[in-house]
>>> print(open('work.cif').read())   # mmCIF, C-alpha atoms
data_my_file
#
loop_
_atom_site.label_atom_id
_atom_site.label_comp_id
_atom_site.auth_asym_id
_atom_site.auth_seq_id
_atom_site.Cartn_x
_atom_site.Cartn_y
_atom_site.Cartn_z
CA MET A 44 0.00 0.00 0.00
CA MET A 45 1.25 3.49 -0.80
CA THR A 46 1.47 6.22 1.79
CA GLN A 47 0.07 9.69 1.21
CA THR A 48 3.48 11.05 0.21
CA GLN A 49 4.12 8.17 -2.17
CA LYS A 50 0.76 8.75 -3.84
CA LEU A 51 1.72 12.39 -4.33
CA THR A 52 5.04 11.40 -5.85
CA TYR A 53 3.37 8.87 -8.14
CA ALA A 54 0.96 11.56 -9.30
CA PHE A 55 3.91 13.74 -10.38
CA PHE A 56 5.31 10.71 -12.22
CA ALA A 57 1.99 10.20 -14.03
CA GLN A 58 1.88 13.87 -15.07
CA THR A 59 5.39 13.61 -16.50
CA VAL A 60 4.46 10.64 -18.67
CA LEU A 61 1.20 12.26 -19.80
CA LEU A 62 2.92 15.53 -20.74
CA LEU A 63 5.52 13.65 -22.79
CA MET A 64 2.73 11.87 -24.67
CA LEU A 65 1.02 15.17 -25.43
CA TYR A 66 4.35 16.65 -26.54
CA ALA A 67 4.96 13.79 -28.97
CA VAL A 68 1.53 14.29 -30.50
CA ALA A 69 1.96 18.08 -30.79
CA ALA A 70 5.44 17.65 -32.29
CA LEU A 71 3.99 15.25 -34.87
CA PHE A 72 1.35 17.81 -35.84
CA GLY A 73 4.09 20.39 -36.29
CA ALA A 74 6.24 18.08 -38.40
CA ALA A 75 3.24 17.32 -40.61
CA LYS A 76 3.10 21.02 -41.51
CA PHE A 77 6.56 20.77 -43.09
CA LEU A 78 5.60 17.73 -45.13
CA SER A 79 2.50 19.39 -46.52
CA PRO A 80 1.01 22.76 -45.47
CA SER A 81 -2.49 21.34 -46.00
CA ASP A 82 -1.84 18.09 -44.15
CA PRO A 83 -4.97 17.10 -42.19
CA LEU A 84 -2.83 16.09 -39.19
CA ALA A 85 -2.12 19.77 -38.57
CA LEU A 86 -5.81 20.26 -37.70
CA SER A 87 -5.80 23.68 -39.43
CA LEU A 88 -3.62 25.15 -36.65
CA PRO A 89 -0.73 27.35 -37.83
CA TYR A 90 2.77 26.01 -37.24
CA HIS A 91 3.77 28.72 -34.78
CA GLN A 92 0.83 27.71 -32.58
CA VAL A 93 1.52 23.97 -32.77
CA GLY A 94 5.26 24.55 -32.33
CA GLY A 95 4.70 26.80 -29.34
CA LEU A 96 2.40 24.21 -27.74
CA ALA A 97 5.02 21.48 -28.29
CA ASN A 98 7.72 23.66 -26.68
CA VAL A 99 5.55 24.37 -23.65
CA LEU A 100 4.57 20.72 -23.19
CA LEU A 101 8.16 19.45 -23.39
CA HIS A 102 9.33 22.22 -21.05
CA LEU A 103 6.66 21.40 -18.47
CA ALA A 104 7.26 17.65 -18.84
CA ALA A 105 10.94 18.08 -18.01
CA LEU A 106 10.16 20.41 -15.10
CA THR A 107 7.45 18.11 -13.70
CA GLY A 108 9.83 15.16 -13.89
CA LEU A 109 12.41 17.13 -11.91
CA LEU A 110 9.83 18.02 -9.26
CA GLY A 111 8.56 14.45 -8.93
CA GLY A 112 12.09 13.08 -8.83
CA GLY A 113 13.19 15.59 -6.20
CA LEU A 114 10.18 14.79 -4.03
CA TYR A 115 10.85 11.05 -4.30
CA VAL A 116 14.53 11.41 -3.41
CA ALA A 117 13.74 13.73 -0.50
CA THR A 118 11.08 11.33 0.75
CA GLY A 119 13.54 8.44 0.66
CA ALA A 120 16.21 10.46 2.45
CA ARG A 121 13.86 11.47 5.26
CA GLY A 122 11.49 8.53 5.48
CA ALA A 123 8.04 8.35 3.89
CA GLY A 124 6.26 8.58 7.21
CA GLN A 125 8.12 11.66 8.41
CA ILE A 126 7.75 14.04 5.45
CA LYS A 127 7.31 17.67 6.46
CA TYR A 128 4.94 20.22 4.93
CA ILE A 129 2.80 17.50 3.35
CA THR A 130 -0.20 19.85 3.27
CA ILE A 131 1.76 22.51 1.37
CA LEU A 132 3.00 19.84 -1.02
CA GLN A 133 -0.52 18.56 -1.64
CA TYR A 134 -1.90 22.02 -2.35
CA GLY A 135 1.18 22.76 -4.44
CA PHE A 136 0.53 19.65 -6.51
CA TRP A 137 -3.06 20.66 -7.24
CA LEU A 138 -1.96 24.19 -8.13
CA TRP A 139 0.71 22.73 -10.41
CA THR A 140 -1.92 20.51 -12.03
CA ALA A 141 -4.04 23.62 -12.68
CA LEU A 142 -1.02 25.28 -14.29
CA LEU A 143 -0.56 22.33 -16.63
CA VAL A 144 -4.22 22.42 -17.66
CA LEU A 145 -4.17 26.19 -18.20
CA ALA A 146 -0.92 26.01 -20.19
CA PHE A 147 -2.33 23.28 -22.43
CA GLY A 148 -5.51 25.28 -22.96
CA ALA A 149 -3.53 28.41 -23.79
CA GLY A 150 -1.61 26.48 -26.44
CA VAL A 151 -4.69 24.90 -28.00
CA PHE A 152 -6.61 28.18 -28.17
CA GLY A 153 -3.68 30.25 -29.44
CA LEU A 154 -3.11 32.31 -26.29
CA LEU A 155 0.64 31.68 -26.03
CA GLU A 156 3.08 34.55 -26.46
CA GLY A 157 5.44 34.78 -29.42
CA ARG A 158 8.64 34.69 -27.34
CA HIS A 159 10.56 31.57 -28.33
CA LEU A 160 10.91 29.15 -25.37
CA LEU A 161 9.15 31.70 -23.15
CA GLU A 162 5.72 31.18 -24.67
CA LEU A 163 3.58 31.08 -21.53
CA PRO A 164 1.42 34.19 -21.02
CA ARG A 165 2.76 36.58 -18.41
CA LEU A 166 0.00 35.79 -15.92
CA LEU A 167 0.77 32.07 -16.11
CA ASP A 168 4.49 32.82 -15.71
CA VAL A 169 3.74 34.63 -12.43
CA TYR A 170 1.54 31.73 -11.34
CA GLN A 171 4.29 29.25 -12.27
CA LEU A 172 6.89 31.25 -10.36
CA ILE A 173 4.87 31.21 -7.14
CA VAL A 174 3.92 27.51 -7.26
CA LEU A 175 7.38 26.38 -8.34
CA PHE A 176 9.02 28.37 -5.54
CA ALA A 177 6.68 26.89 -2.92
CA LEU A 178 7.22 23.32 -4.16
CA VAL A 179 11.01 23.64 -4.31
CA ILE A 180 11.23 25.11 -0.79
CA SER A 181 8.89 22.45 0.63
CA ILE A 182 10.84 19.59 -0.97
CA THR A 183 14.28 20.96 -0.12
CA THR A 184 13.58 21.46 3.59
CA ASN A 185 12.87 17.73 3.93
CA ALA A 186 16.42 16.63 3.09
CA LEU A 187 18.81 19.55 3.57
CA ARG A 188 21.68 17.26 4.59
CA SER A 189 21.51 15.18 1.41
CA PRO A 190 24.23 16.23 -1.11
CA ILE A 191 21.96 15.14 -3.96
CA ILE A 192 19.05 17.26 -2.75
CA ARG A 193 21.40 20.21 -2.18
CA VAL A 194 22.58 20.13 -5.79
CA TRP A 195 19.03 19.50 -6.98
CA SER A 196 17.79 22.49 -4.98
CA ILE A 197 20.50 24.74 -6.47
CA GLY A 198 19.40 23.73 -9.95
CA MET A 199 15.73 24.29 -9.16
CA ALA A 200 16.47 27.62 -7.46
CA LEU A 201 18.22 28.74 -10.66
CA ALA A 202 15.13 27.61 -12.58
CA VAL A 203 13.03 29.89 -10.37
CA VAL A 204 15.44 32.76 -11.06
CA GLY A 205 15.18 32.00 -14.77
CA VAL A 206 11.39 32.25 -14.67
CA LEU A 207 11.72 35.54 -12.78
CA ALA A 208 14.18 36.89 -15.38
CA GLY A 209 11.69 36.00 -18.12
CA LEU A 210 9.10 38.23 -16.45
CA VAL A 211 11.30 41.32 -16.86
CA GLN A 212 10.13 43.23 -19.94
CA PRO A 213 12.03 46.53 -20.31
CA ALA A 214 10.97 49.04 -22.95
CA ASP A 215 14.43 49.03 -24.57
CA TYR A 216 14.70 46.31 -27.26
CA VAL A 217 18.33 45.39 -26.52
CA ALA A 218 17.67 45.14 -22.77
CA ASP A 219 14.62 42.99 -23.48
CA ARG A 220 16.75 40.64 -25.59
CA VAL A 221 19.35 40.44 -22.83
CA TRP A 222 16.77 39.40 -20.23
CA ARG A 223 15.21 36.85 -22.61
CA VAL A 224 18.58 35.29 -23.43
CA LEU A 225 19.45 35.21 -19.72
CA ALA A 226 16.12 33.61 -18.78
CA VAL A 227 16.34 30.87 -21.42
CA GLY A 228 20.07 30.24 -20.93
CA LEU A 229 19.82 30.05 -17.16
CA GLN A 230 17.01 27.51 -17.31
CA PHE A 231 18.07 25.35 -20.26
CA ASN A 232 21.87 25.43 -19.98
CA VAL A 233 22.39 25.52 -16.21
CA ALA A 234 19.33 24.84 -14.03
CA TYR A 235 17.68 21.84 -15.66
CA PRO A 236 20.88 19.89 -16.48
CA LEU A 237 22.14 20.51 -12.93
CA ALA A 238 18.92 19.26 -11.30
CA ALA A 239 18.78 16.29 -13.69
CA LEU A 240 22.39 15.40 -12.89
CA ALA A 241 21.56 15.34 -9.16
CA LEU A 242 18.73 12.87 -9.82
CA GLY A 243 21.13 10.86 -11.96
CA PHE A 244 23.53 10.48 -9.05
CA TRP A 245 20.64 9.19 -6.95
CA LEU A 246 19.91 6.62 -9.68
CA VAL A 247 23.58 5.60 -9.61
CA ARG A 248 23.07 4.39 -6.03
CA ARG A 249 20.35 2.06 -7.26
CA PHE A 250 21.98 0.44 -10.31
CA SER A 251 25.72 0.73 -9.56
CA SER A 252 28.01 -0.72 -6.92
CA VAL A 253 30.11 2.44 -6.55
CA PRO A 254 30.49 3.50 -2.88
CA ARG A 255 28.15 6.10 -1.44
CA VAL A 256 31.03 8.51 -0.86
CA TRP A 257 31.62 8.45 -4.64
CA THR A 258 28.14 9.82 -5.31
CA ASP A 259 28.13 12.23 -2.36
CA THR A 260 31.39 13.90 -3.40
CA GLY A 261 30.99 13.37 -7.13
CA VAL A 262 27.66 15.17 -7.32
CA TYR A 263 29.35 18.36 -6.08
CA THR A 264 32.37 18.05 -8.38
CA VAL A 265 30.50 17.08 -11.49
CA GLY A 266 27.70 19.54 -10.71
CA GLY A 267 30.25 22.35 -10.52
CA LEU A 268 31.75 21.39 -13.88
CA LEU A 269 28.32 21.22 -15.46
CA ALA A 270 27.35 24.63 -14.03
CA ILE A 271 30.54 26.19 -15.44
CA ALA A 272 29.78 24.69 -18.84
CA GLY A 273 26.23 26.07 -18.74
CA VAL A 274 27.46 29.55 -17.84
CA LEU A 275 29.99 29.46 -20.71
CA VAL A 276 27.18 28.59 -23.13
CA THR A 277 24.89 31.32 -21.77
CA LEU A 278 27.25 34.32 -21.49
CA PRO A 279 28.53 34.82 -25.09
CA PRO A 280 25.07 35.54 -26.58
CA LEU A 281 24.53 38.12 -23.80
CA PHE A 282 27.74 40.00 -24.57
CA ARG A 283 27.04 39.68 -28.28
CA LEU A 284 24.34 42.29 -27.78
CA GLY A 285 26.74 44.89 -26.40
CA ALA A 286 30.38 43.87 -26.02
CA ALA A 287 31.50 42.08 -29.16
CA GLU A 288 35.13 41.68 -28.08
CA ILE A 289 34.30 39.88 -24.83
CA SER A 290 31.75 37.78 -26.66
CA ILE A 291 34.37 36.57 -29.16
CA THR A 292 36.76 35.61 -26.37
CA LEU A 293 34.14 33.82 -24.28
CA GLY A 294 32.71 32.12 -27.35
CA SER A 295 36.12 30.76 -28.33
CA MET A 296 36.61 29.47 -24.79
CA ALA A 297 33.16 27.87 -24.75
CA MET A 298 33.69 26.11 -28.07
CA VAL A 299 36.62 24.18 -26.55
CA ALA A 300 35.81 24.07 -22.83
CA VAL A 301 32.11 23.14 -22.89
CA PRO A 302 32.45 19.88 -24.88
CA LEU A 303 35.47 18.96 -22.73
CA LEU A 304 33.58 19.60 -19.48
CA TYR A 305 30.62 17.55 -20.66
CA LEU A 306 32.93 14.72 -21.70
CA ILE A 307 34.29 14.69 -18.13
CA VAL A 308 30.72 14.58 -16.80
CA THR A 309 29.88 11.73 -19.18
CA SER A 310 33.03 9.82 -18.18
CA HIS A 311 31.90 9.95 -14.54
CA GLY A 312 28.58 8.51 -15.63
CA TYR A 313 30.34 5.76 -17.56
CA GLY A 314 32.33 4.93 -14.45
CA ALA A 315 29.09 4.26 -12.60
CA LEU A 316 27.63 2.27 -15.50
CA SER A 317 30.73 0.08 -15.69
CA GLU A 318 30.28 -1.08 -12.07
CA ARG A 319 26.75 -2.36 -12.27
CA ALA A 320 24.94 -3.75 -9.26
CA GLN A 321 22.16 -6.31 -9.50
CA SER A 322 19.16 -4.20 -10.48
CA HIS A 323 16.11 -5.25 -12.45
CA SER A 324 14.85 -1.78 -13.33
CA LEU A 325 15.92 0.07 -16.48
CA ALA A 326 17.07 3.18 -14.64
CA ALA A 327 20.64 2.72 -15.96
CA HIS A 328 19.40 2.75 -19.56
CA TRP A 329 17.54 6.05 -19.13
CA PHE A 330 20.51 7.47 -17.22
CA ALA A 331 22.84 6.67 -20.12
CA LEU A 332 20.42 8.10 -22.70
CA SER A 333 20.05 11.30 -20.68
CA LEU A 334 23.82 11.81 -20.47
CA LEU A 335 24.16 11.26 -24.23
CA LEU A 336 21.42 13.77 -25.08
CA LEU A 337 22.81 16.41 -22.70
CA LEU A 338 26.32 15.86 -24.12
CA ILE A 339 25.05 16.51 -27.66
CA GLY A 340 22.53 19.22 -26.76
CA VAL A 341 24.46 21.44 -24.37
CA GLY A 342 27.98 20.05 -24.66
CA LEU A 343 28.42 19.96 -28.44
CA LEU A 344 25.68 22.08 -30.03
CA GLY A 345 25.62 24.57 -27.14
CA GLY A 346 29.40 24.90 -27.10
CA LEU A 347 29.62 25.39 -30.86
CA GLY A 348 26.69 27.81 -30.92
CA ALA A 349 28.33 29.97 -28.25
CA SER A 350 31.14 30.79 -30.70
CA VAL A 351 30.49 34.04 -32.56
CA ASP A 352 31.86 32.60 -35.81
CA VAL A 353 29.58 29.57 -35.65
CA GLY A 354 26.59 31.23 -33.99
CA GLN A 355 26.18 33.88 -36.68
CA TRP A 356 25.57 31.10 -39.20
CA THR A 357 23.47 28.69 -37.13
CA THR A 358 21.28 30.97 -34.98
CA GLY A 359 17.67 30.77 -36.10
CA THR A 360 18.11 27.50 -38.01
CA ARG A 361 16.99 24.00 -37.14
CA LEU A 362 20.29 23.52 -35.32
CA THR A 363 19.11 25.97 -32.66
CA ASP A 364 15.84 24.05 -32.28
CA LEU A 365 17.77 20.80 -32.10
CA GLN A 366 19.93 22.07 -29.23
CA THR A 367 17.03 23.05 -26.97
CA THR A 368 14.97 19.99 -27.87
CA LEU A 369 17.77 17.53 -27.11
CA THR A 370 18.52 19.33 -23.84
CA LEU A 371 14.94 19.07 -22.62
CA LEU A 372 14.63 15.48 -23.86
CA GLY A 373 17.81 14.67 -21.94
CA VAL A 374 16.32 16.14 -18.77
CA ALA A 375 13.04 14.30 -19.43
CA ALA A 376 14.92 11.01 -19.98
CA MET A 377 16.51 11.35 -16.54
CA GLY A 378 13.02 11.97 -15.17
CA LEU A 379 11.79 8.78 -16.86
CA GLY A 380 14.67 6.92 -15.22
CA VAL A 381 13.51 8.11 -11.80
CA VAL A 382 9.90 7.25 -12.72
CA ASN A 383 11.00 3.75 -13.72
CA GLN A 384 12.97 3.19 -10.52
CA GLY A 385 10.37 4.86 -8.32
CA ALA A 386 7.49 2.89 -9.79
CA SER A 387 9.49 -0.32 -9.29
CA ASP A 388 10.07 0.58 -5.63
CA LEU A 389 6.45 1.55 -5.03
CA TYR A 390 5.21 -1.61 -6.74
CA GLY A 391 7.06 -3.55 -4.05
CA GLN A 392 9.10 -5.71 -6.43
CA GLN A 393 12.41 -5.03 -8.15
CA ARG A 394 11.18 -5.65 -11.69
CA ARG A 395 10.99 -3.87 -15.00
CA ILE A 396 7.88 -1.74 -14.77
CA ASN A 397 8.57 -0.55 -18.33
CA GLY A 398 10.33 -2.99 -20.63
CA LEU A 399 13.09 -2.45 -23.16
CA THR A 400 10.63 -1.86 -26.01
CA PRO A 401 9.64 1.71 -25.01
CA PHE A 402 13.26 2.56 -24.24
CA TRP A 403 14.58 1.51 -27.63
CA LEU A 404 11.65 3.12 -29.44
CA VAL A 405 12.35 6.41 -27.67
CA ALA A 406 16.13 6.12 -28.14
CA PHE A 407 15.96 5.33 -31.85
CA GLY A 408 13.23 7.91 -32.38
CA VAL A 409 15.31 10.66 -30.77
CA VAL A 410 18.47 9.65 -32.66
CA ILE A 411 16.74 9.44 -36.05
CA GLY A 412 14.88 12.69 -35.46
CA ALA A 413 18.05 14.44 -34.28
CA LEU A 414 20.04 13.33 -37.33
CA ALA A 415 17.26 14.49 -39.64
CA LEU A 416 16.78 17.84 -37.90
CA GLY A 417 20.54 18.37 -37.74
CA GLY A 418 20.82 17.63 -41.44
CA ALA A 419 18.03 20.10 -42.18
CA GLY A 420 19.83 22.73 -40.08
CA ILE A 421 23.12 22.21 -41.93
CA ALA A 422 21.28 22.40 -45.26
CA GLN A 423 19.68 25.67 -44.12
CA VAL A 424 23.05 27.16 -43.21
CA TYR A 425 24.63 26.23 -46.53
CA MET A 426 21.75 26.98 -48.90
CA GLU A 427 20.21 30.01 -47.16
CA ARG A 428 23.27 31.74 -45.77
CA VAL A 429 25.99 30.70 -48.20
CA LEU A 430 24.15 30.24 -51.50
CA SER A 431 21.41 32.81 -50.63
CA ILE A 432 18.57 30.50 -51.68
CA GLY A 433 15.15 31.61 -50.44
CA TYR A 434 13.73 30.18 -47.22
CA LEU A 435 10.66 28.59 -48.80
CA ASP A 436 12.73 26.99 -51.56
CA VAL A 437 15.10 25.52 -48.98
CA GLN A 438 12.17 24.11 -47.00
CA THR A 439 10.96 22.34 -50.12
CA LEU A 440 14.40 20.89 -50.84
CA VAL A 441 14.83 19.46 -47.34
CA THR A 442 11.38 17.81 -47.26
CA PRO A 443 12.95 14.29 -47.30
CA LEU A 444 14.82 15.18 -44.12
CA TYR A 445 11.58 16.41 -42.56
CA ALA A 446 10.00 13.06 -43.49
CA LEU A 447 12.81 11.31 -41.61
CA TRP A 448 12.27 13.71 -38.71
CA THR A 449 8.58 12.74 -38.70
CA LEU A 450 9.54 9.06 -38.62
CA GLY A 451 11.69 9.74 -35.57
CA LEU A 452 8.80 11.51 -33.87
CA LEU A 453 6.51 8.58 -34.67
CA LEU A 454 8.94 6.20 -32.97
CA LEU A 455 9.22 8.58 -30.02
CA ALA A 456 5.44 8.79 -29.71
CA ALA A 457 5.12 5.00 -29.92
CA GLY A 458 7.78 4.55 -27.24
CA ILE A 459 6.17 7.03 -24.86
CA GLY A 460 2.78 5.41 -25.56
CA VAL A 461 4.05 1.94 -24.62
CA TYR A 462 5.83 3.40 -21.59
CA ALA A 463 2.59 5.07 -20.46
CA LEU A 464 0.55 1.90 -21.01
CA THR A 465 2.86 -0.30 -18.94
CA PHE A 466 3.14 2.43 -16.31
CA TRP A 467 -0.65 2.40 -15.97
CA LEU A 468 -1.12 -1.38 -16.08
CA ARG A 469 1.55 -2.00 -13.44
CA ARG A 470 0.59 0.80 -11.12
CA PRO A 471 0.92 -0.05 -7.40
CA ARG A 472 -2.07 -0.51 -5.15
CA VAL A 473 -3.41 2.60 -3.45
CA SER A 474 -4.40 2.44 0.21
#
>>> encode(input="work.cif", output="structure tokens")
Amino acid sequence: MMTQTQKLTYAFFAQTVLLLMLYAVAALFGAAKFLSPSDPLALSLPYHQVGGLANVLLHLAALTGLLGGGLYVATGARGAGQIKYITILQYGFWLWTALLVLAFGAGVFGLLEGRHLLELPRLLDVYQLIVLFALVISITTNALRSPIIRVWSIGMALAVVGVLAGLVQPADYVADRVWRVLAVGLQFNVAYPLAALALGFWLVRRFSSVPRVWTDTGVYTVGGLLAIAGVLVTLPPLFRLGAAEISITLGSMAMVAVPLLYLIVTSHGYGALSERAQSHSLAAHWFALSLLLLLIGVGLLGGLGASVDVGQWTTGTRLTDLQTTLTLLGVAAMGLGVVNQGASDLYGQQRRINGLTPFWLVAFGVVIGALALGGAGIAQVYMERVLSIGYLDVQTLVTPLYALWTLGLLLLAAGIGVYALTFWLRRPRVS
């Protein structure tokens, strides 16, 4: 039987899976627009509306997974029967659920704002800020001595600051751009990867035989390296708006340092994977996939995009979309790893709640989609910005790549669908 706190955690897990399903469907609708503007799958919604809805759903899925994972880890560190502020957490959950419903409705009815990756209406951003702050504080105070929760709380606190920065709307255009770049960079490049990494180190304790001191000290070291990498990715675009010389220097540093730092982070993860303990869940698989996606998203694409020489060619192309999408999918994959392990624990048996089929469908779908979208981005750079071919003509020429992208999204949607089905069928008993 599940306790009250465990039921709350499981509800966050269920929301994460549901949001990922809705994202896959919305992303498919958007991809259909590129195959044929009159495609019936697009349901007559313009691409900017479908694309904005997909961005919001993936963003909230990643964030909900981080909240559910943090609550589960904090509950385990303190003891399920001794959780503090359970009433605040319950009300916070219902308020968060209302936010998800309102955000979905805003996307469906075209009420999202046109700011890329900051699409939520201002009123919902304020609402999100308040609820997120309350949830993070309530979760953190339950396990302050846990190194994993400390690093997780730093990441989530930076996410709160990022939401706050996105609310600043100065009249000056350049200042507005600075705040928008800061808000997106702080959340996507620093906060979410840092919080996801903390949850990953908790998963390491479950599937690896490395000593506990390895995870307790490693989460600080690796978290610091990851935070430095995220800052190096975020700063050059800020200075690009005012101090070109500093931007060039920082961008050159980021192009070399960020991939190197992420390779160090990934090598630590490989060290844990190479010393496997006897575990029947698939948490290690999702952990490995998350590290790979973050390495490509922030480490490689983020590091290259921070360079002024590279960024001036790639900004605004499909390569920019690919970077943010892979980053959020990497964070979401870590969340699915915690969901898999948590559901196995709550079920009362160490077994595979979700089999290998959904994992491989998701993994191959993301890889195929990423290759196709990356190819489309490279084609855009060469044909639009080197050969000066018109945008619409280029979109027609890269249609085969968009078809491959759609295939990847279909596999992703199928994988999340199977994951959701097994998650529902093997749900634990509720007291």
>>> residues_around(input="work.cif", residues="Ile173 in chain A", least_positions_apart="4", cutoff="12 Å", atoms="all atoms listed in the file", output="ChimeraX atom specification")
/A:135,138-139,142,166-169,177-180,203-204,206-207
>>> write_last_selection(input="work.cif", atoms="C-alpha atoms", output="PDB file, keeping the file's coordinate frame")
ATOM      1  CA  GLY A 135       1.180  22.760  -4.440  1.00  0.00           C
ATOM      2  CA  LEU A 138      -1.960  24.190  -8.130  1.00  0.00           C
ATOM      3  CA  TRP A 139       0.710  22.730 -10.410  1.00  0.00           C
ATOM      4  CA  LEU A 142      -1.020  25.280 -14.290  1.00  0.00           C
ATOM      5  CA  LEU A 166       0.000  35.790 -15.920  1.00  0.00           C
ATOM      6  CA  LEU A 167       0.770  32.070 -16.110  1.00  0.00           C
ATOM      7  CA  ASP A 168       4.490  32.820 -15.710  1.00  0.00           C
ATOM      8  CA  VAL A 169       3.740  34.630 -12.430  1.00  0.00           C
ATOM      9  CA  ALA A 177       6.680  26.890  -2.920  1.00  0.00           C
ATOM     10  CA  LEU A 178       7.220  23.320  -4.160  1.00  0.00           C
ATOM     11  CA  VAL A 179      11.010  23.640  -4.310  1.00  0.00           C
ATOM     12  CA  ILE A 180      11.230  25.110  -0.790  1.00  0.00           C
ATOM     13  CA  VAL A 203      13.030  29.890 -10.370  1.00  0.00           C
ATOM     14  CA  VAL A 204      15.440  32.760 -11.060  1.00  0.00           C
ATOM     15  CA  VAL A 206      11.390  32.250 -14.670  1.00  0.00           C
ATOM     16  CA  LEU A 207      11.720  35.540 -12.780  1.00  0.00           C
TER      17      LEU A 207
END
>>> closest_residue(input="work.cif", among="A:Leu452, A:Val144, A:Leu103, A:Val256", to="Ala74 in chain A", atoms="all atoms listed in the file")
A:Leu452
>>> closest_residue(input="work.cif", among="A:Leu61, A:Leu163, A:Ala413, A:Ala446", to="Thr367 in chain A", atoms="only C-alpha atoms")
A:Ala413
>>> resolve_selection(input="work.cif", expression="the PyMOL selection byres ((chain A and resi 269-274) around 8)", output="MDAnalysis selection string")
chainID A and resid 228:229 232:233 236:237 265:268 275:278 297 300:301 304:305 308 341:342
>>> closest_residue(input="work.cif", among="A:Ala415, A:Val99, A:Leu242, A:Val353", to="Gly148 in chain A", atoms="all atoms listed in the file")
A:Val99
>>> resolve_selection(input="work.cif", expression="the PyMOL selection byres ((chain A and resi 102) around 10)", output="list in words")
Leu62, Leu63, Tyr66, Leu96, Ala97, Asn98, Val99, Leu100, Leu101, Leu103, Ala104, Ala105, Leu106, Thr107, Leu160, Leu161, Phe231, Tyr235, Thr367, Thr368, Leu371, Leu372, Val374 and Ala375 of chain A
>>> residues_around(input="work.cif", residues="Gln384 in chain A", least_positions_apart="2", cutoff="9 Å", atoms="all atoms listed in the file", output="PyMOL selection string")
chain A and resi 246+249+324-326+379-382+386-389+393+395-396
>>> resolve_selection(input="work.cif", expression="the PyMOL selection byres ((chain A and resi 93) around 10)", output="PyMOL selection string")
chain A and resi 68-74+76+85-92+94-99+150-151+153
>>> write_last_selection(input="work.cif", atoms="C-alpha atoms", output="CSV table (one decimal), in the coordinates of the input")
chain,number,residue,atom,x,y,z
A,68,VAL,CA,1.5,14.3,-30.5
A,69,ALA,CA,2.0,18.1,-30.8
A,70,ALA,CA,5.4,17.6,-32.3
A,71,LEU,CA,4.0,15.2,-34.9
A,72,PHE,CA,1.4,17.8,-35.8
A,73,GLY,CA,4.1,20.4,-36.3
A,74,ALA,CA,6.2,18.1,-38.4
A,76,LYS,CA,3.1,21.0,-41.5
A,85,ALA,CA,-2.1,19.8,-38.6
A,86,LEU,CA,-5.8,20.3,-37.7
A,87,SER,CA,-5.8,23.7,-39.4
A,88,LEU,CA,-3.6,25.2,-36.6
A,89,PRO,CA,-0.7,27.4,-37.8
A,90,TYR,CA,2.8,26.0,-37.2
A,91,HIS,CA,3.8,28.7,-34.8
A,92,GLN,CA,0.8,27.7,-32.6
A,94,GLY,CA,5.3,24.6,-32.3
A,95,GLY,CA,4.7,26.8,-29.3
A,96,LEU,CA,2.4,24.2,-27.7
A,97,ALA,CA,5.0,21.5,-28.3
A,98,ASN,CA,7.7,23.7,-26.7
A,99,VAL,CA,5.6,24.4,-23.6
A,150,GLY,CA,-1.6,26.5,-26.4
A,151,VAL,CA,-4.7,24.9,-28.0
A,153,GLY,CA,-3.7,30.2,-29.4
>>> residues_around(input="work.cif", residues="Asn397 in chain A", least_positions_apart="5", cutoff="9 Å", atoms="all atoms listed in the file", output="ChimeraX atom specification")
/A:324-325,383,402,461-466,469
>>> write_last_selection(input="work.cif", atoms="C-alpha atoms", output="short mmCIF file (atom, residue, chain, number, x, y, z; two decimals), in the frame of the given file")
data_model
loop_
_atom_site.label_atom_id
_atom_site.label_comp_id
_atom_site.auth_asym_id
_atom_site.auth_seq_id
_atom_site.Cartn_x
_atom_site.Cartn_y
_atom_site.Cartn_z
CA SER A 324 14.85 -1.78 -13.33
CA LEU A 325 15.92 0.07 -16.48
CA ASN A 383 11.00 3.75 -13.72
CA PHE A 402 13.26 2.56 -24.24
CA VAL A 461 4.05 1.94 -24.62
CA TYR A 462 5.83 3.40 -21.59
CA ALA A 463 2.59 5.07 -20.46
CA LEU A 464 0.55 1.90 -21.01
CA THR A 465 2.86 -0.30 -18.94
CA PHE A 466 3.14 2.43 -16.31
CA ARG A 469 1.55 -2.00 -13.44
#
>>> closest_residue(input="work.cif", among="A:Leu404, A:Ile291, A:Val410, A:Leu78", to="Gly354 in chain A", atoms="all atoms listed in the file")
A:Ile291
>>> closest_residue(input="work.cif", among="A:Ala200, A:Ala117, A:Ile411, A:Leu225", to="Thr449 in chain A", atoms="only C-alpha atoms")
A:Ile411
>>> atom_distance(input="work.cif", atom1="CA of Leu210 in chain A", atom2="CA of Arg165 in chain A")
6.8 Å
>>> closest_residue(input="work.cif", among="A:Lys50, A:Arg223, A:His311, A:His328", to="Leu240 in chain A", atoms="only C-alpha atoms")
A:His311
>>> atom_distance(input="work.cif", atom1="CA of Gln49 in chain A", atom2="CA of Ser333 in chain A")
24.6 Å
>>> atom_distance(input="work.cif", atom1="CA of Trp448 in chain A", atom2="CA of Gly340 in chain A")
16.7 Å
>>> residues_around(input="work.cif", residues="Leu455 in chain A", least_positions_apart="5", cutoff="7 Å", atoms="all atoms listed in the file", output="list in words")
Ala67, Leu404, Val405, Gly408 and Val409 of chain A
>>> residues_around(input="work.cif", residues="Pro302 in chain A", least_positions_apart="3", cutoff="8 Å", atoms="all atoms listed in the file", output="ChimeraX atom specification")
/A:298-299,305-306,338,342-343,346
